[in-house]
Structure formats: structure tokens, C-alpha cells
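The file final.cif contains mmCIF, C-alpha atoms, pLDDT in the B column; chains and numbers go by the auth columns:
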```cif
data_work
loop_
_atom_site.group_PDB
_atom_site.id
_atom_site.type_symbol
_atom_site.label_atom_id
_atom_site.label_comp_id
_atom_site.label_asym_id
_atom_site.label_seq_id
_atom_site.Cartn_x
_atom_site.Cartn_y
_atom_site.Cartn_z
_atom_site.B_iso_or_equiv
_atom_site.auth_seq_id
_atom_site.auth_asym_id
ATOM 1 C CA MET A 1 -24.010 0.342 6.318 74.00 1392 A
ATOM 2 C CA ILE A 2 -20.370 0.769 5.320 68.00 1393 A
ATOM 3 C CA THR A 3 -19.229 -2.268 3.309 73.00 1394 A
ATOM 4 C CA SER A 4 -15.618 -1.479 2.363 78.00 1395 A
ATOM 5 C CA ILE A 5 -12.983 1.191 1.793 82.00 1396 A
ATOM 6 C CA HIS A 6 -12.354 2.701 -1.648 82.00 1397 A
ATOM 7 C CA THR A 7 -8.910 4.302 -1.821 90.00 1398 A
ATOM 8 C CA LEU A 8 -7.817 6.759 -4.507 88.00 1399 A
ATOM 9 C CA ILE A 9 -4.405 7.486 -5.974 92.00 1400 A
ATOM 10 C CA TYR A 10 -4.021 10.680 -7.979 91.00 1401 A
ATOM 11 C CA SER A 11 -1.358 10.134 -10.624 94.00 1402 A
ATOM 12 C CA ASP A 12 0.532 12.260 -13.136 93.00 1403 A
ATOM 13 C CA ASP A 13 0.424 9.207 -15.442 94.00 1404 A
ATOM 14 C CA ALA A 14 -2.760 7.305 -14.579 93.00 1405 A
ATOM 15 C CA ASN A 15 -2.242 4.673 -17.276 93.00 1406 A
ATOM 16 C CA ALA A 16 1.278 3.840 -15.974 94.00 1407 A
ATOM 17 C CA THR A 17 -0.023 3.650 -12.416 95.00 1408 A
ATOM 18 C CA ARG A 18 -2.915 1.409 -13.479 95.00 1409 A
ATOM 19 C CA ALA A 19 -0.536 -0.819 -15.469 95.00 1410 A
ATOM 20 C CA PHE A 20 1.647 -1.182 -12.355 95.00 1411 A
ATOM 21 C CA PHE A 21 -1.231 -2.486 -10.230 95.00 1412 A
ATOM 22 C CA ARG A 22 -2.537 -4.653 -13.078 95.00 1413 A
ATOM 23 C CA ASP A 23 0.796 -6.112 -14.257 96.00 1414 A
ATOM 24 C CA VAL A 24 3.085 -6.027 -11.223 95.00 1415 A
ATOM 25 C CA PHE A 25 0.577 -6.701 -8.439 95.00 1416 A
ATOM 26 C CA GLY A 26 -1.655 -8.803 -10.693 94.00 1417 A
ATOM 27 C CA TRP A 27 -4.767 -7.317 -9.104 94.00 1418 A
ATOM 28 C CA GLU A 28 -8.150 -8.102 -10.635 93.00 1419 A
ATOM 29 C CA TYR A 29 -10.115 -5.122 -11.873 94.00 1420 A
ATOM 30 C CA VAL A 30 -13.286 -3.940 -13.517 94.00 1421 A
ATOM 31 C CA THR A 31 -13.573 -1.243 -16.164 91.00 1422 A
ATOM 32 C CA GLU A 32 -16.075 1.525 -16.630 81.00 1423 A
ATOM 33 C CA ASP A 33 -18.409 1.364 -19.628 81.00 1424 A
ATOM 34 C CA PHE A 34 -17.451 4.896 -20.634 79.00 1425 A
ATOM 35 C CA ASP A 35 -13.676 4.222 -20.629 78.00 1426 A
ATOM 36 C CA HIS A 36 -12.091 0.750 -20.680 81.00 1427 A
ATOM 37 C CA ASP A 37 -8.746 2.259 -19.584 84.00 1428 A
ATOM 38 C CA TRP A 38 -10.401 3.361 -16.316 88.00 1429 A
ATOM 39 C CA LEU A 39 -9.517 0.388 -14.087 92.00 1430 A
ATOM 40 C CA ILE A 40 -10.964 -0.101 -10.600 92.00 1431 A
ATOM 41 C CA PHE A 41 -8.964 -2.685 -8.696 93.00 1432 A
ATOM 42 C CA LYS A 42 -9.997 -5.361 -6.259 93.00 1433 A
ATOM 43 C CA SER A 43 -7.493 -4.851 -3.460 89.00 1434 A
ATOM 44 C CA GLY A 44 -8.496 -7.672 -1.140 84.00 1435 A
ATOM 45 C CA PRO A 45 -9.264 -7.616 2.577 86.00 1436 A
ATOM 46 C CA SER A 46 -8.721 -4.250 4.199 87.00 1437 A
ATOM 47 C CA GLU A 47 -8.339 -2.505 7.496 86.00 1438 A
ATOM 48 C CA MET A 48 -7.821 1.092 8.530 85.00 1439 A
ATOM 49 C CA GLY A 49 -5.749 2.428 11.398 86.00 1440 A
ATOM 50 C CA VAL A 50 -5.884 5.909 12.866 86.00 1441 A
ATOM 51 C CA HIS A 51 -2.554 7.196 14.163 84.00 1442 A
ATOM 52 C CA PRO A 52 -2.047 10.266 16.345 88.00 1443 A
ATOM 53 C CA THR A 53 -0.015 13.166 15.020 93.00 1444 A
ATOM 54 C CA HIS A 54 1.658 13.408 18.456 94.00 1445 A
ATOM 55 C CA SER A 55 2.357 10.554 20.854 92.00 1446 A
ATOM 56 C CA GLU A 56 4.756 9.346 23.516 92.00 1447 A
ATOM 57 C CA TRP A 57 5.692 5.691 23.866 86.00 1448 A
ATOM 58 C CA GLU A 58 8.394 4.051 25.953 89.00 1449 A
ATOM 59 C CA GLY A 59 10.011 7.402 26.708 94.00 1450 A
ATOM 60 C CA GLN A 60 10.130 8.553 23.090 92.00 1451 A
ATOM 61 C CA THR A 61 8.099 11.341 21.511 95.00 1452 A
ATOM 62 C CA TYR A 62 6.676 10.922 18.023 91.00 1453 A
ATOM 63 C CA ASP A 63 5.378 13.777 15.872 94.00 1454 A
ATOM 64 C CA HIS A 64 3.966 13.338 12.375 90.00 1455 A
ATOM 65 C CA PRO A 65 2.189 15.783 10.069 91.00 1456 A
ATOM 66 C CA ARG A 66 -1.457 15.071 9.407 90.00 1457 A
ATOM 67 C CA HIS A 67 -1.642 12.963 6.227 86.00 1458 A
ATOM 68 C CA HIS A 68 -2.972 9.738 4.702 85.00 1459 A
ATOM 69 C CA LEU A 69 -0.811 6.714 3.880 89.00 1460 A
ATOM 70 C CA ILE A 70 -1.514 3.784 1.595 91.00 1461 A
ATOM 71 C CA ALA A 71 0.130 0.552 2.666 92.00 1462 A
ATOM 72 C CA VAL A 72 -0.188 -2.897 1.150 93.00 1463 A
ATOM 73 C CA MET A 73 0.336 -5.835 3.472 93.00 1464 A
ATOM 74 C CA CYS A 74 2.099 -9.155 2.947 94.00 1465 A
ATOM 75 C CA ASP A 75 2.994 -12.292 4.917 93.00 1466 A
ATOM 76 C CA ASN A 76 6.686 -12.447 3.968 95.00 1467 A
ATOM 77 C CA ILE A 77 8.264 -9.144 3.023 96.00 1468 A
ATOM 78 C CA GLU A 78 11.526 -10.532 1.606 97.00 1469 A
ATOM 79 C CA ALA A 79 9.709 -12.959 -0.703 97.00 1470 A
ATOM 80 C CA THR A 80 7.201 -10.283 -1.735 96.00 1471 A
ATOM 81 C CA VAL A 81 9.926 -7.734 -2.512 97.00 1472 A
ATOM 82 C CA ALA A 82 11.807 -10.334 -4.610 97.00 1473 A
ATOM 83 C CA ASP A 83 8.629 -11.304 -6.478 96.00 1474 A
ATOM 84 C CA LEU A 84 7.667 -7.691 -7.173 96.00 1475 A
ATOM 85 C CA GLN A 85 11.205 -6.731 -8.225 97.00 1476 A
ATOM 86 C CA ALA A 86 11.170 -9.617 -10.734 97.00 1477 A
ATOM 87 C CA LYS A 87 8.060 -7.957 -12.220 96.00 1478 A
ATOM 88 C CA GLY A 88 9.740 -4.537 -12.410 96.00 1479 A
ATOM 89 C CA ALA A 89 8.885 -2.916 -9.071 97.00 1480 A
ATOM 90 C CA GLU A 90 11.416 -0.550 -7.510 97.00 1481 A
ATOM 91 C CA PHE A 91 11.918 0.015 -3.783 98.00 1482 A
ATOM 92 C CA ARG A 92 13.323 2.969 -1.868 96.00 1483 A
ATOM 93 C CA GLY A 93 15.909 1.835 0.658 95.00 1484 A
ATOM 94 C CA ALA A 94 16.114 -1.308 2.723 97.00 1485 A
ATOM 95 C CA ILE A 95 13.435 -3.131 4.692 98.00 1486 A
ATOM 96 C CA GLU A 96 13.125 -1.507 8.121 97.00 1487 A
ATOM 97 C CA GLN A 97 11.781 -2.833 11.414 96.00 1488 A
ATOM 98 C CA ARG A 98 9.078 -0.618 12.908 91.00 1489 A
ATOM 99 C CA GLU A 99 6.960 -1.070 16.015 85.00 1490 A
ATOM 100 C CA TYR A 100 4.036 -2.328 13.897 86.00 1491 A
ATOM 101 C CA GLY A 101 5.977 -4.550 11.469 93.00 1492 A
ATOM 102 C CA ARG A 102 8.645 -4.598 8.781 97.00 1493 A
ATOM 103 C CA VAL A 103 8.329 -1.991 6.026 96.00 1494 A
ATOM 104 C CA VAL A 104 9.808 -0.675 2.803 98.00 1495 A
ATOM 105 C CA MET A 105 8.611 2.071 0.478 97.00 1496 A
ATOM 106 C CA MET A 106 7.756 1.103 -3.096 96.00 1497 A
ATOM 107 C CA ALA A 107 7.821 3.423 -6.096 97.00 1498 A
ATOM 108 C CA VAL A 108 4.564 3.624 -8.052 96.00 1499 A
ATOM 109 C CA PRO A 109 4.935 4.951 -11.620 95.00 1500 A
ATOM 110 C CA GLY A 110 3.283 8.343 -12.011 94.00 1501 A
ATOM 111 C CA ALA A 111 2.245 8.529 -8.345 94.00 1502 A
ATOM 112 C CA ASP A 112 3.584 8.819 -4.814 93.00 1503 A
ATOM 113 C CA ASP A 113 5.286 5.865 -3.146 95.00 1504 A
ATOM 114 C CA ILE A 114 3.270 3.356 -1.153 95.00 1505 A
ATOM 115 C CA GLN A 115 4.375 1.311 1.814 95.00 1506 A
ATOM 116 C CA LEU A 116 4.755 -2.451 1.677 95.00 1507 A
ATOM 117 C CA TYR A 117 4.664 -4.056 5.075 92.00 1508 A
ATOM 118 C CA GLU A 118 4.593 -7.320 6.937 95.00 1509 A
ATOM 119 C CA PRO A 119 2.502 -6.548 10.017 92.00 1510 A
ATOM 120 C CA SER A 120 3.395 -7.706 13.508 92.00 1511 A
ATOM 121 C CA HIS A 121 0.110 -6.438 15.008 88.00 1512 A
ATOM 122 C CA LYS A 122 -3.193 -8.234 15.272 84.00 1513 A
ATOM 123 C CA LEU A 123 -5.135 -8.110 12.017 84.00 1514 A
ATOM 124 C CA ALA A 124 -8.621 -6.612 11.817 85.00 1515 A
ATOM 125 C CA TYR A 125 -9.671 -9.145 9.181 79.00 1516 A
ATOM 126 C CA ASN A 126 -9.340 -12.882 8.615 76.00 1517 A
ATOM 127 C CA PRO A 127 -6.647 -13.562 5.986 63.00 1518 A
#
```
Please render this file's structure as C-alpha cells.
Amino acid sequence: MITSIHTLIYSDDANATRAFFRDVFGWEYVTEDFDHDWLIFKSGPSEMGVHPTHSEWEGQTYDHPRHHLIAVMCDNIEATVADLQAKGAEFRGAIEQREYGRVVMMAVPGADDIQLYEPSHKLAYNP
């Protein structure tokens, strides 16, 4: 039986990326016996959505390339952005309203950006 989702981030500077999740997000982690710099993070409750690469909704057409996206969710995006910025996080652009919630892209040292969002949809887990 599937028990959870394990996501992976491939980084040009794995130690900087790990430090970001450890120090800025404050996520708990475990280490591997063979390498105590190899951190595996507890990322909390999770859910996974599957989006179409082509769709039409309310008279608009949406096309997206096939890809994967990592998003971290929050209850109050303004407060979360302020808290993370105080810890050194950088964001790309302003918070935007989308059909599924409010979002902003966050820079991750050594890796691709991830999305921070405050969902407006039903959640697949109990917070």
C-alpha cells in the first residue's frame, strides 16, 4: 500500500538547498548513516494533483508543457512570505491570484524555484 509521497529536488549545490529547507523552513529531518550531510526532510501532510496539459475553462484555453511542479502550501501567504523573507528567502515577483489559490514563486538556493501557495480548493488531507 502506498503510504506517502517522496519528492526529489536535484540541486547544483545540494548543501545550500538542504540548508534552505533546514534553516529557512525549519523542517525536521533525518540523516543517512553513510553521510550526515544527506538530509531527508519531513514535509508534512501532502496531496497530489494531476493537471491536464490542455484544457478549456470558462471560454479560455490553457496549454502547459508536460512537467512536474513542487508547491508548498500555507494558510496565510502574506504572513508566510514575511516570515520566510525574515529568514533569508527570496521571492520572484508579487503574489498572484490563480483559480486554485494565491501563489508566488520562491527561489531555492542551488535548485529550481518552488511555488508557495495559499489554496482556495478543498484539501485532500486534514490540516
> Gly1479 of chain A: which residues within 10 Å, counting all atoms listed in the file, same-chain residues fewer than 4 positions away excluded, as a list in words?
Replying inline: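 Once the nearby chain positions are removed, what remains is Phe1411, Asp1414, Val1415, Ala1473, Asp1474 and Leu1475 of chain A.
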>> Please enumerate the residues selected by the PyMOL selection byres ((chain A and resi 1430-1441) around 6) when evaluated against the supplied file, formatted as an MDAnalysis selection string.
In response: chainID A and resid 1419:1422 1428:1429 1442 1515
> If we count only C-alpha atoms, what is near segment 1444-1460 of chain A at a cut-off of 12 Å, once residues fewer than 3 positions away on the same chain are taken out, given as a ChimeraX atom specification?
Replying inline: /A:1398-1400,1439-1441,1463,1490,1496,1503-1507
Quick one: write out the picked residues with C-alpha atoms as a short mmCIF file (atom, residue, chain, number, x, y, z; two decimals), in the coordinates of the input?
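As written to disk, selection.cif reads:
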```cif
data_model
loop_
_atom_site.label_atom_id
_atom_site.label_comp_id
_atom_site.auth_asym_id
_atom_site.auth_seq_id
_atom_site.Cartn_x
_atom_site.Cartn_y
_atom_site.Cartn_z
CA THR A 1398 -8.91 4.30 -1.82
CA LEU A 1399 -7.82 6.76 -4.51
CA ILE A 1400 -4.40 7.49 -5.97
CA MET A 1439 -7.82 1.09 8.53
CA GLY A 1440 -5.75 2.43 11.40
CA VAL A 1441 -5.88 5.91 12.87
CA VAL A 1463 -0.19 -2.90 1.15
CA GLU A 1490 6.96 -1.07 16.02
CA MET A 1496 8.61 2.07 0.48
CA ASP A 1503 3.58 8.82 -4.81
CA ASP A 1504 5.29 5.86 -3.15
CA ILE A 1505 3.27 3.36 -1.15
CA GLN A 1506 4.38 1.31 1.81
CA LEU A 1507 4.76 -2.45 1.68
#
```
>> Just the number, please: distance in Å from atom CA of Val1499 of chain A to atom CA of Lys1513 of chain A, one decimal.
In response: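 So the answer is 27.3 Å.
Atom CA of Val1472 of chain A is positioned 11.7 Å from atom CA of Gly1484 of chain A.
Across A:Trp1418, A:Asn1467, A:Glu1487, A:Gly1501, the tightest approach to Tyr1401 of chain A is made by A:Gly1501 when counting only C-alpha atoms.
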>> Given only C-alpha atoms as the basis, pick out the residue of A:Ala1477, A:Val1495, A:Met1392, A:Cys1465 nearest to Glu1509 of chain A.
In response: A:Cys1465
